[in-house]
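Coordinates as given in protein.cif (mmCIF, N, CA and C atoms):
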data_target
loop_
_atom_site.label_atom_id
_atom_site.label_comp_id
_atom_site.auth_asym_id
_atom_site.auth_seq_id
_atom_site.Cartn_x
_atom_site.Cartn_y
_atom_site.Cartn_z
N MET A 161 0.47 -23.58 -4.67
CA MET A 161 -0.66 -22.83 -5.17
C MET A 161 -0.18 -21.86 -6.23
N SER A 162 -0.83 -21.87 -7.38
CA SER A 162 -0.51 -20.93 -8.45
C SER A 162 -1.37 -19.69 -8.27
N ALA A 163 -0.74 -18.53 -8.30
CA ALA A 163 -1.45 -17.27 -8.13
C ALA A 163 -1.12 -16.33 -9.27
N LYS A 164 -2.00 -15.37 -9.49
CA LYS A 164 -1.77 -14.33 -10.50
C LYS A 164 -1.09 -13.15 -9.79
N ILE A 165 0.16 -12.90 -10.16
CA ILE A 165 0.96 -11.88 -9.50
C ILE A 165 1.30 -10.77 -10.47
N LEU A 166 1.17 -9.53 -10.02
CA LEU A 166 1.60 -8.36 -10.79
C LEU A 166 2.89 -7.85 -10.19
N VAL A 167 3.92 -7.72 -11.02
CA VAL A 167 5.22 -7.17 -10.61
C VAL A 167 5.37 -5.81 -11.28
N VAL A 168 5.48 -4.75 -10.46
CA VAL A 168 5.60 -3.39 -10.98
C VAL A 168 6.95 -2.82 -10.53
N ASP A 169 7.82 -2.57 -11.51
CA ASP A 169 9.16 -2.04 -11.21
C ASP A 169 9.68 -1.35 -12.46
N ASP A 170 10.27 -0.18 -12.32
CA ASP A 170 10.80 0.53 -13.48
C ASP A 170 12.14 -0.03 -13.95
N ASN A 171 12.76 -0.89 -13.16
CA ASN A 171 14.03 -1.49 -13.52
C ASN A 171 13.77 -2.82 -14.24
N ALA A 172 14.11 -2.88 -15.53
CA ALA A 172 13.82 -4.06 -16.34
C ALA A 172 14.50 -5.31 -15.79
N LEU A 173 15.72 -5.18 -15.29
CA LEU A 173 16.42 -6.33 -14.75
C LEU A 173 15.71 -6.86 -13.50
N CYS A 174 15.28 -5.96 -12.63
CA CYS A 174 14.54 -6.38 -11.43
C CYS A 174 13.25 -7.09 -11.82
N ARG A 175 12.52 -6.53 -12.80
CA ARG A 175 11.28 -7.17 -13.27
C ARG A 175 11.57 -8.58 -13.78
N MET A 176 12.63 -8.72 -14.56
CA MET A 176 12.96 -10.01 -15.15
C MET A 176 13.33 -11.03 -14.06
N VAL A 177 14.17 -10.62 -13.12
CA VAL A 177 14.62 -11.54 -12.06
C VAL A 177 13.45 -11.96 -11.19
N VAL A 178 12.65 -11.01 -10.74
CA VAL A 178 11.53 -11.32 -9.84
C VAL A 178 10.47 -12.14 -10.58
N SER A 179 10.14 -11.76 -11.81
CA SER A 179 9.13 -12.53 -12.54
C SER A 179 9.62 -13.94 -12.84
N GLY A 180 10.91 -14.11 -13.14
CA GLY A 180 11.45 -15.45 -13.36
C GLY A 180 11.36 -16.31 -12.12
N LEU A 181 11.68 -15.73 -10.98
CA LEU A 181 11.58 -16.45 -9.70
C LEU A 181 10.13 -16.88 -9.44
N LEU A 182 9.21 -15.98 -9.67
CA LEU A 182 7.80 -16.29 -9.42
C LEU A 182 7.27 -17.33 -10.40
N LYS A 183 7.66 -17.23 -11.66
CA LYS A 183 7.25 -18.22 -12.66
C LYS A 183 7.81 -19.59 -12.31
N ASP A 184 9.07 -19.64 -11.88
CA ASP A 184 9.68 -20.91 -11.48
C ASP A 184 8.94 -21.52 -10.29
N ALA A 185 8.33 -20.67 -9.46
CA ALA A 185 7.56 -21.15 -8.31
C ALA A 185 6.13 -21.53 -8.70
N GLY A 186 5.79 -21.40 -9.99
CA GLY A 186 4.49 -21.84 -10.48
C GLY A 186 3.42 -20.77 -10.59
N HIS A 187 3.80 -19.51 -10.41
CA HIS A 187 2.82 -18.43 -10.48
C HIS A 187 2.68 -17.88 -11.89
N GLN A 188 1.52 -17.28 -12.17
CA GLN A 188 1.29 -16.56 -13.42
C GLN A 188 1.69 -15.11 -13.15
N VAL A 189 2.57 -14.57 -13.99
CA VAL A 189 3.14 -13.26 -13.72
C VAL A 189 2.85 -12.29 -14.86
N THR A 190 2.43 -11.09 -14.48
CA THR A 190 2.28 -9.96 -15.40
C THR A 190 3.22 -8.88 -14.88
N THR A 191 3.90 -8.18 -15.78
CA THR A 191 4.82 -7.13 -15.35
C THR A 191 4.38 -5.77 -15.89
N ALA A 192 4.80 -4.74 -15.17
CA ALA A 192 4.54 -3.36 -15.58
C ALA A 192 5.78 -2.53 -15.23
N GLY A 193 6.07 -1.53 -16.06
CA GLY A 193 7.28 -0.73 -15.90
C GLY A 193 7.14 0.49 -15.01
N ASP A 194 5.92 0.82 -14.61
CA ASP A 194 5.70 1.92 -13.67
C ASP A 194 4.29 1.82 -13.11
N GLY A 195 3.97 2.73 -12.22
CA GLY A 195 2.69 2.68 -11.54
C GLY A 195 1.50 2.83 -12.47
N GLU A 196 1.62 3.67 -13.48
CA GLU A 196 0.51 3.85 -14.41
C GLU A 196 0.24 2.58 -15.20
N GLU A 197 1.30 1.88 -15.64
CA GLU A 197 1.13 0.61 -16.32
C GLU A 197 0.54 -0.43 -15.37
N GLY A 198 0.97 -0.39 -14.12
CA GLY A 198 0.43 -1.31 -13.12
C GLY A 198 -1.04 -1.08 -12.89
N LEU A 199 -1.45 0.16 -12.79
CA LEU A 199 -2.86 0.48 -12.62
C LEU A 199 -3.67 0.03 -13.83
N ALA A 200 -3.13 0.26 -15.01
CA ALA A 200 -3.81 -0.16 -16.25
C ALA A 200 -3.97 -1.68 -16.30
N ALA A 201 -3.01 -2.42 -15.77
CA ALA A 201 -3.10 -3.89 -15.77
C ALA A 201 -4.34 -4.37 -15.02
N PHE A 202 -4.76 -3.63 -14.00
CA PHE A 202 -5.95 -4.01 -13.23
C PHE A 202 -7.23 -3.80 -14.02
N ARG A 203 -7.18 -3.03 -15.10
CA ARG A 203 -8.37 -2.85 -15.94
C ARG A 203 -8.67 -4.12 -16.71
N ASP A 204 -7.62 -4.88 -17.02
CA ASP A 204 -7.78 -6.09 -17.83
C ASP A 204 -8.02 -7.35 -17.02
N ARG A 205 -7.55 -7.37 -15.77
CA ARG A 205 -7.68 -8.58 -14.96
C ARG A 205 -7.50 -8.27 -13.49
N GLN A 206 -7.80 -9.24 -12.68
CA GLN A 206 -7.63 -9.14 -11.24
C GLN A 206 -6.39 -9.94 -10.86
N PHE A 207 -5.69 -9.51 -9.82
CA PHE A 207 -4.48 -10.20 -9.38
C PHE A 207 -4.66 -10.66 -7.94
N ASP A 208 -3.91 -11.71 -7.60
CA ASP A 208 -3.95 -12.25 -6.24
C ASP A 208 -2.98 -11.53 -5.33
N ALA A 209 -1.95 -10.90 -5.89
CA ALA A 209 -0.97 -10.14 -5.11
C ALA A 209 -0.19 -9.23 -6.05
N VAL A 210 0.43 -8.20 -5.45
CA VAL A 210 1.24 -7.24 -6.21
C VAL A 210 2.59 -7.09 -5.50
N LEU A 211 3.67 -7.17 -6.28
CA LEU A 211 5.01 -6.82 -5.81
C LEU A 211 5.32 -5.48 -6.44
N LEU A 212 5.55 -4.47 -5.61
CA LEU A 212 5.56 -3.10 -6.06
C LEU A 212 6.81 -2.36 -5.62
N ASP A 213 7.55 -1.82 -6.60
CA ASP A 213 8.70 -0.97 -6.31
C ASP A 213 8.19 0.35 -5.76
N VAL A 214 8.97 0.98 -4.90
CA VAL A 214 8.55 2.25 -4.31
C VAL A 214 8.85 3.42 -5.24
N GLN A 215 10.09 3.54 -5.70
CA GLN A 215 10.50 4.69 -6.49
C GLN A 215 10.40 4.39 -7.97
N MET A 216 9.43 5.06 -8.64
CA MET A 216 9.23 4.89 -10.07
C MET A 216 8.78 6.22 -10.67
N PRO A 217 9.02 6.40 -11.97
CA PRO A 217 8.54 7.62 -12.63
C PRO A 217 7.02 7.58 -12.82
N ARG A 218 6.47 8.70 -13.19
CA ARG A 218 5.05 8.92 -13.50
C ARG A 218 4.15 8.68 -12.28
N LEU A 219 3.98 7.47 -11.83
CA LEU A 219 3.15 7.17 -10.66
C LEU A 219 3.98 6.23 -9.79
N ASP A 220 4.42 6.72 -8.63
CA ASP A 220 5.31 5.90 -7.80
C ASP A 220 4.54 4.82 -7.06
N GLY A 221 5.28 3.94 -6.42
CA GLY A 221 4.68 2.80 -5.75
C GLY A 221 3.77 3.18 -4.58
N LEU A 222 4.13 4.21 -3.85
CA LEU A 222 3.29 4.63 -2.73
C LEU A 222 1.94 5.12 -3.23
N ALA A 223 1.95 5.91 -4.30
CA ALA A 223 0.69 6.42 -4.86
C ALA A 223 -0.16 5.27 -5.40
N LEU A 224 0.46 4.33 -6.11
CA LEU A 224 -0.29 3.20 -6.63
C LEU A 224 -0.87 2.36 -5.50
N CYS A 225 -0.09 2.15 -4.46
CA CYS A 225 -0.56 1.39 -3.31
C CYS A 225 -1.80 2.06 -2.71
N ARG A 226 -1.75 3.36 -2.52
CA ARG A 226 -2.89 4.10 -1.96
C ARG A 226 -4.13 3.96 -2.85
N ILE A 227 -3.93 4.05 -4.16
CA ILE A 227 -5.05 3.91 -5.10
C ILE A 227 -5.67 2.52 -4.98
N LEU A 228 -4.83 1.48 -5.03
CA LEU A 228 -5.34 0.11 -4.98
C LEU A 228 -6.03 -0.19 -3.66
N LYS A 229 -5.46 0.28 -2.56
CA LYS A 229 -6.06 0.03 -1.25
C LYS A 229 -7.33 0.87 -1.03
N GLY A 230 -7.50 1.92 -1.84
CA GLY A 230 -8.67 2.77 -1.71
C GLY A 230 -9.86 2.32 -2.54
N ARG A 231 -9.67 1.33 -3.38
CA ARG A 231 -10.75 0.85 -4.24
C ARG A 231 -11.34 -0.44 -3.68
N PRO A 232 -12.66 -0.53 -3.62
CA PRO A 232 -13.30 -1.73 -3.07
C PRO A 232 -12.87 -3.03 -3.77
N GLU A 233 -12.69 -2.98 -5.08
CA GLU A 233 -12.37 -4.20 -5.83
C GLU A 233 -10.91 -4.63 -5.69
N THR A 234 -10.03 -3.76 -5.17
CA THR A 234 -8.62 -4.14 -5.04
C THR A 234 -8.08 -3.97 -3.62
N ARG A 235 -8.89 -3.50 -2.70
CA ARG A 235 -8.38 -3.18 -1.36
C ARG A 235 -7.83 -4.40 -0.61
N ASN A 236 -8.31 -5.60 -0.94
CA ASN A 236 -7.85 -6.79 -0.23
C ASN A 236 -6.73 -7.55 -0.94
N VAL A 237 -6.25 -6.99 -2.05
CA VAL A 237 -5.13 -7.61 -2.76
C VAL A 237 -3.85 -7.31 -1.98
N PRO A 238 -3.12 -8.34 -1.54
CA PRO A 238 -1.88 -8.09 -0.80
C PRO A 238 -0.86 -7.35 -1.66
N ILE A 239 -0.25 -6.34 -1.06
CA ILE A 239 0.81 -5.57 -1.74
C ILE A 239 2.08 -5.69 -0.93
N LEU A 240 3.12 -6.20 -1.59
CA LEU A 240 4.45 -6.30 -0.98
C LEU A 240 5.32 -5.25 -1.65
N MET A 241 5.81 -4.31 -0.89
CA MET A 241 6.65 -3.24 -1.41
C MET A 241 8.10 -3.70 -1.44
N LEU A 242 8.78 -3.37 -2.53
CA LEU A 242 10.20 -3.66 -2.69
C LEU A 242 10.92 -2.33 -2.86
N SER A 243 11.98 -2.12 -2.08
CA SER A 243 12.68 -0.84 -2.19
C SER A 243 14.14 -0.95 -1.81
N GLY A 244 14.94 -0.15 -2.48
CA GLY A 244 16.33 0.00 -2.10
C GLY A 244 16.47 0.84 -0.84
N LEU A 245 15.43 1.58 -0.51
CA LEU A 245 15.40 2.37 0.73
C LEU A 245 14.93 1.46 1.85
N SER A 246 15.74 1.32 2.88
CA SER A 246 15.34 0.40 3.94
C SER A 246 15.34 1.05 5.32
N THR A 247 15.21 2.37 5.35
CA THR A 247 15.16 3.05 6.64
C THR A 247 13.82 2.79 7.31
N THR A 248 13.79 3.02 8.60
CA THR A 248 12.54 2.86 9.34
C THR A 248 11.47 3.79 8.78
N ASP A 249 11.85 5.00 8.42
CA ASP A 249 10.89 5.96 7.87
C ASP A 249 10.31 5.47 6.55
N SER A 250 11.14 4.91 5.67
CA SER A 250 10.63 4.45 4.38
C SER A 250 9.72 3.24 4.56
N ARG A 251 10.07 2.34 5.48
CA ARG A 251 9.21 1.20 5.77
C ARG A 251 7.87 1.67 6.35
N SER A 252 7.94 2.62 7.27
CA SER A 252 6.72 3.15 7.88
C SER A 252 5.84 3.83 6.84
N GLU A 253 6.45 4.55 5.92
CA GLU A 253 5.70 5.23 4.87
C GLU A 253 4.97 4.22 3.98
N CYS A 254 5.63 3.11 3.67
CA CYS A 254 4.99 2.07 2.86
C CYS A 254 3.80 1.44 3.59
N LEU A 255 3.99 1.14 4.84
CA LEU A 255 2.91 0.54 5.62
C LEU A 255 1.76 1.52 5.81
N ALA A 256 2.07 2.79 5.99
CA ALA A 256 1.03 3.82 6.12
C ALA A 256 0.24 3.97 4.82
N ALA A 257 0.88 3.71 3.69
CA ALA A 257 0.20 3.79 2.39
C ALA A 257 -0.72 2.60 2.17
N GLY A 258 -0.61 1.58 3.04
CA GLY A 258 -1.48 0.41 2.93
C GLY A 258 -0.80 -0.88 2.56
N ALA A 259 0.53 -0.83 2.38
CA ALA A 259 1.25 -2.06 2.01
C ALA A 259 1.10 -3.11 3.10
N ASP A 260 1.07 -4.35 2.67
CA ASP A 260 0.95 -5.47 3.59
C ASP A 260 2.30 -5.96 4.10
N ASP A 261 3.35 -5.66 3.33
CA ASP A 261 4.69 -6.10 3.73
C ASP A 261 5.71 -5.25 2.99
N PHE A 262 6.96 -5.36 3.43
CA PHE A 262 8.05 -4.57 2.87
C PHE A 262 9.29 -5.45 2.81
N LEU A 263 9.96 -5.43 1.66
CA LEU A 263 11.23 -6.13 1.51
C LEU A 263 12.26 -5.17 0.94
N SER A 264 13.47 -5.24 1.48
CA SER A 264 14.56 -4.42 0.96
C SER A 264 15.15 -5.09 -0.27
N LYS A 265 15.51 -4.27 -1.26
CA LYS A 265 16.20 -4.78 -2.46
C LYS A 265 17.68 -4.84 -2.18
N PRO A 266 18.37 -5.81 -2.68
CA PRO A 266 17.80 -6.97 -3.36
C PRO A 266 17.24 -7.95 -2.34
N ALA A 267 16.04 -8.42 -2.60
CA ALA A 267 15.39 -9.36 -1.68
C ALA A 267 15.91 -10.77 -1.95
N ALA A 268 16.19 -11.49 -0.89
CA ALA A 268 16.59 -12.89 -1.03
C ALA A 268 15.40 -13.68 -1.57
N SER A 269 15.65 -14.55 -2.53
CA SER A 269 14.56 -15.26 -3.20
C SER A 269 13.71 -16.07 -2.22
N GLY A 270 14.35 -16.74 -1.27
CA GLY A 270 13.60 -17.54 -0.30
C GLY A 270 12.69 -16.68 0.56
N GLU A 271 13.20 -15.53 0.99
CA GLU A 271 12.39 -14.63 1.81
C GLU A 271 11.23 -14.04 1.01
N LEU A 272 11.51 -13.64 -0.23
CA LEU A 272 10.46 -13.08 -1.07
C LEU A 272 9.33 -14.09 -1.26
N LEU A 273 9.68 -15.32 -1.61
CA LEU A 273 8.66 -16.34 -1.81
C LEU A 273 7.91 -16.67 -0.52
N ALA A 274 8.61 -16.72 0.60
CA ALA A 274 7.96 -17.01 1.88
C ALA A 274 6.98 -15.91 2.26
N ARG A 275 7.38 -14.65 2.09
CA ARG A 275 6.49 -13.54 2.43
C ARG A 275 5.29 -13.48 1.48
N LEU A 276 5.54 -13.75 0.20
CA LEU A 276 4.44 -13.78 -0.77
C LEU A 276 3.47 -14.90 -0.43
N ASN A 277 3.99 -16.08 -0.16
CA ASN A 277 3.11 -17.20 0.20
C ASN A 277 2.33 -16.91 1.47
N SER A 278 2.94 -16.26 2.43
CA SER A 278 2.24 -15.89 3.65
C SER A 278 1.09 -14.94 3.35
N ALA A 279 1.34 -13.95 2.50
CA ALA A 279 0.29 -13.00 2.12
C ALA A 279 -0.83 -13.69 1.36
N LEU A 280 -0.48 -14.59 0.45
CA LEU A 280 -1.49 -15.33 -0.31
C LEU A 280 -2.30 -16.25 0.60
N ASN A 281 -1.63 -16.92 1.54
CA ASN A 281 -2.34 -17.80 2.47
C ASN A 281 -3.29 -17.01 3.36
N SER A 282 -2.88 -15.84 3.81
CA SER A 282 -3.76 -15.00 4.62
C SER A 282 -5.01 -14.64 3.84
N ARG A 283 -4.83 -14.32 2.58
CA ARG A 283 -5.96 -13.97 1.73
C ARG A 283 -6.84 -15.18 1.47
N LEU A 284 -6.21 -16.32 1.27
CA LEU A 284 -6.97 -17.56 1.03
C LEU A 284 -7.83 -17.90 2.22
N TYR A 285 -7.27 -17.81 3.42
CA TYR A 285 -8.01 -18.11 4.63
C TYR A 285 -9.16 -17.12 4.85
N ALA A 286 -8.99 -15.93 4.32
CA ALA A 286 -10.06 -14.93 4.45
C ALA A 286 -11.14 -15.11 3.37
N GLY A 287 -10.96 -16.14 2.51
CA GLY A 287 -11.93 -16.42 1.47
C GLY A 287 -11.84 -15.50 0.28
N GLU A 288 -10.68 -14.88 0.07
CA GLU A 288 -10.53 -13.90 -1.00
C GLU A 288 -10.10 -14.50 -2.33
N VAL A 289 -9.46 -15.65 -2.33
CA VAL A 289 -8.92 -16.23 -3.56
C VAL A 289 -9.85 -17.32 -4.04
N ALA A 290 -10.19 -17.26 -5.30
CA ALA A 290 -11.10 -18.27 -5.88
C ALA A 290 -10.36 -19.54 -6.20
#

How does the structure come out when it is put into structure tokens?
Amino acid sequence: MSAKILVVDDNALCRMVVSGLLKDAGHQVTTAGDGEEGLAAFRDRQFDAVLLDVQMPRLDGLALCRILKGRPETRNVPILMLSGLSTTDSRSECLAAGADDFLSKPAASGELLARLNSALNSRLYAGEVA
């Protein structure tokens, strides 16, 4: 299944690696360098899922997650948080912000794709994906 995925990360190398992996898996990928760019991307189009870094300048991943989950038009878009912080507290904070899943950086490509596909399938079964 091809999905429209937004990758938001302030690290250009991480954006490139993750977007390349997703493109190779057949997805349409849009990237943003921080939370404000990620939020702006939603003005132009709708996405099927978001891969979101936690620590970013201007608008961090937790704040963007809260915004997206608080809006009726984006609240059901699966958000997978990616972070170099992998403590129980950081994972809990991401889930409390509304994230659907959490992966530690660097995420193994197979696990990232499996978790993304699981989130997309859950949304598909709920009738959310056209």

> Expanded to explicit residues, what is the PyMOL selection byres (((chain A and resi 175 and name CA) around 12) and name CA) for this file, as a PyMOL selection string?
Replying inline: chain A and resi 165-174+176-183+189-194+211-213+242+266

Prev. selection, N, CA and C atoms, output as a PDB file, in the frame of the given file:
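Generated file (again14.pdb):
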ATOM      1  N   ILE A 165       0.160 -12.900 -10.160  1.00  0.00           N
ATOM      2  CA  ILE A 165       0.960 -11.880  -9.500  1.00  0.00           C
ATOM      3  C   ILE A 165       1.300 -10.770 -10.470  1.00  0.00           C
ATOM      4  N   LEU A 166       1.170  -9.530 -10.020  1.00  0.00           N
ATOM      5  CA  LEU A 166       1.600  -8.360 -10.790  1.00  0.00           C
ATOM      6  C   LEU A 166       2.890  -7.850 -10.190  1.00  0.00           C
ATOM      7  N   VAL A 167       3.920  -7.720 -11.020  1.00  0.00           N
ATOM      8  CA  VAL A 167       5.220  -7.170 -10.610  1.00  0.00           C
ATOM      9  C   VAL A 167       5.370  -5.810 -11.280  1.00  0.00           C
ATOM     10  N   VAL A 168       5.480  -4.750 -10.460  1.00  0.00           N
ATOM     11  CA  VAL A 168       5.600  -3.390 -10.980  1.00  0.00           C
ATOM     12  C   VAL A 168       6.950  -2.820 -10.530  1.00  0.00           C
ATOM     13  N   ASP A 169       7.820  -2.570 -11.510  1.00  0.00           N
ATOM     14  CA  ASP A 169       9.160  -2.040 -11.210  1.00  0.00           C
ATOM     15  C   ASP A 169       9.680  -1.350 -12.460  1.00  0.00           C
ATOM     16  N   ASP A 170      10.270  -0.180 -12.320  1.00  0.00           N
ATOM     17  CA  ASP A 170      10.800   0.530 -13.480  1.00  0.00           C
ATOM     18  C   ASP A 170      12.140  -0.030 -13.950  1.00  0.00           C
ATOM     19  N   ASN A 171      12.760  -0.890 -13.160  1.00  0.00           N
ATOM     20  CA  ASN A 171      14.030  -1.490 -13.520  1.00  0.00           C
ATOM     21  C   ASN A 171      13.770  -2.820 -14.240  1.00  0.00           C
ATOM     22  N   ALA A 172      14.110  -2.880 -15.530  1.00  0.00           N
ATOM     23  CA  ALA A 172      13.820  -4.060 -16.340  1.00  0.00           C
ATOM     24  C   ALA A 172      14.500  -5.310 -15.790  1.00  0.00           C
ATOM     25  N   LEU A 173      15.720  -5.180 -15.290  1.00  0.00           N
ATOM     26  CA  LEU A 173      16.420  -6.330 -14.750  1.00  0.00           C
ATOM     27  C   LEU A 173      15.710  -6.860 -13.500  1.00  0.00           C
ATOM     28  N   CYS A 174      15.280  -5.960 -12.630  1.00  0.00           N
ATOM     29  CA  CYS A 174      14.540  -6.380 -11.430  1.00  0.00           C
ATOM     30  C   CYS A 174      13.250  -7.090 -11.820  1.00  0.00           C
ATOM     31  N   MET A 176      12.630  -8.720 -14.560  1.00  0.00           N
ATOM     32  CA  MET A 176      12.960 -10.010 -15.150  1.00  0.00           C
ATOM     33  C   MET A 176      13.330 -11.030 -14.060  1.00  0.00           C
ATOM     34  N   VAL A 177      14.170 -10.620 -13.120  1.00  0.00           N
ATOM     35  CA  VAL A 177      14.620 -11.540 -12.060  1.00  0.00           C
ATOM     36  C   VAL A 177      13.450 -11.960 -11.190  1.00  0.00           C
ATOM     37  N   VAL A 178      12.650 -11.010 -10.740  1.00  0.00           N
ATOM     38  CA  VAL A 178      11.530 -11.320  -9.840  1.00  0.00           C
ATOM     39  C   VAL A 178      10.470 -12.140 -10.580  1.00  0.00           C
ATOM     40  N   SER A 179      10.140 -11.760 -11.810  1.00  0.00           N
ATOM     41  CA  SER A 179       9.130 -12.530 -12.540  1.00  0.00           C
ATOM     42  C   SER A 179       9.620 -13.940 -12.840  1.00  0.00           C
ATOM     43  N   GLY A 180      10.910 -14.110 -13.140  1.00  0.00           N
ATOM     44  CA  GLY A 180      11.450 -15.450 -13.360  1.00  0.00           C
ATOM     45  C   GLY A 180      11.360 -16.310 -12.120  1.00  0.00           C
ATOM     46  N   LEU A 181      11.680 -15.730 -10.980  1.00  0.00           N
ATOM     47  CA  LEU A 181      11.580 -16.450  -9.700  1.00  0.00           C
ATOM     48  C   LEU A 181      10.130 -16.880  -9.440  1.00  0.00           C
ATOM     49  N   LEU A 182       9.210 -15.980  -9.670  1.00  0.00           N
ATOM     50  CA  LEU A 182       7.800 -16.290  -9.420  1.00  0.00           C
ATOM     51  C   LEU A 182       7.270 -17.330 -10.400  1.00  0.00           C
ATOM     52  N   LYS A 183       7.660 -17.230 -11.660  1.00  0.00           N
ATOM     53  CA  LYS A 183       7.250 -18.220 -12.660  1.00  0.00           C
ATOM     54  C   LYS A 183       7.810 -19.590 -12.310  1.00  0.00           C
ATOM     55  N   VAL A 189       2.570 -14.570 -13.990  1.00  0.00           N
ATOM     56  CA  VAL A 189       3.140 -13.260 -13.720  1.00  0.00           C
ATOM     57  C   VAL A 189       2.850 -12.290 -14.860  1.00  0.00           C
ATOM     58  N   THR A 190       2.430 -11.090 -14.480  1.00  0.00           N
ATOM     59  CA  THR A 190       2.280  -9.960 -15.400  1.00  0.00           C
ATOM     60  C   THR A 190       3.220  -8.880 -14.880  1.00  0.00           C
ATOM     61  N   THR A 191       3.900  -8.180 -15.780  1.00  0.00           N
ATOM     62  CA  THR A 191       4.820  -7.130 -15.350  1.00  0.00           C
ATOM     63  C   THR A 191       4.380  -5.770 -15.890  1.00  0.00           C
ATOM     64  N   ALA A 192       4.800  -4.740 -15.170  1.00  0.00           N
ATOM     65  CA  ALA A 192       4.540  -3.360 -15.580  1.00  0.00           C
ATOM     66  C   ALA A 192       5.780  -2.530 -15.230  1.00  0.00           C
ATOM     67  N   GLY A 193       6.070  -1.530 -16.060  1.00  0.00           N
ATOM     68  CA  GLY A 193       7.280  -0.730 -15.900  1.00  0.00           C
ATOM     69  C   GLY A 193       7.140   0.490 -15.010  1.00  0.00           C
ATOM     70  N   ASP A 194       5.920   0.820 -14.610  1.00  0.00           N
ATOM     71  CA  ASP A 194       5.700   1.920 -13.670  1.00  0.00           C
ATOM     72  C   ASP A 194       4.290   1.820 -13.110  1.00  0.00           C
ATOM     73  N   LEU A 211       3.670  -7.170  -6.280  1.00  0.00           N
ATOM     74  CA  LEU A 211       5.010  -6.820  -5.810  1.00  0.00           C
ATOM     75  C   LEU A 211       5.320  -5.480  -6.440  1.00  0.00           C
ATOM     76  N   LEU A 212       5.550  -4.470  -5.610  1.00  0.00           N
ATOM     77  CA  LEU A 212       5.560  -3.100  -6.060  1.00  0.00           C
ATOM     78  C   LEU A 212       6.810  -2.360  -5.620  1.00  0.00           C
ATOM     79  N   ASP A 213       7.550  -1.820  -6.600  1.00  0.00           N
ATOM     80  CA  ASP A 213       8.700  -0.970  -6.310  1.00  0.00           C
ATOM     81  C   ASP A 213       8.190   0.350  -5.760  1.00  0.00           C
ATOM     82  N   LEU A 242       8.780  -3.370  -2.530  1.00  0.00           N
ATOM     83  CA  LEU A 242      10.200  -3.660  -2.690  1.00  0.00           C
ATOM     84  C   LEU A 242      10.920  -2.330  -2.860  1.00  0.00           C
ATOM     85  N   PRO A 266      18.370  -5.810  -2.680  1.00  0.00           N
ATOM     86  CA  PRO A 266      17.800  -6.970  -3.360  1.00  0.00           C
ATOM     87  C   PRO A 266      17.240  -7.950  -2.340  1.00  0.00           C
TER      88      PRO A 266
END

> So which bits of chain A end up helix (DSSP H, G or I) when you DSSP the backbone, as a ChimeraX atom specification?
Replying inline: /A:172-184,195-204,221-230,248-256,269-285

> Hey, which of A:Arg251, A:Leu240, A:Asp208, A:Gly258 ends up closest to Arg226 of chain A? Count all atoms listed in the file.
Replying inline: A:Gly258

> Between A:Ala200, A:Ala267, A:Leu222, A:Leu276, which is the closest to Glu253 of chain A once you count only N, CA and C atoms?
Replying inline: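 The closest residue to Glu253 of chain A is A:Leu222.
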
> Could you pull out all residues of segment 161-285 of chain A with a DSSP call of strand (DSSP E) and give them as a list in words?
Replying inline: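 Of segment 161-285 of chain A, only Lys164, Ile165, Leu166, Val167, Val168, Gln188, Val189, Thr190, Thr191, Ala192, Ala209, Val210, Leu211, Leu212, Asp213, Ile239, Leu240, Met241, Leu242, Ser243, Asp261, Phe262, Leu263 and Ser264 of chain A fall in strand (DSSP E).
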
>> Using all atoms listed in the file for the distances, tell me which of A:Ala163, A:Leu280, A:Ala274, A:Gly195 is nearest to Ala223 of chain A.
In response: A:Gly195
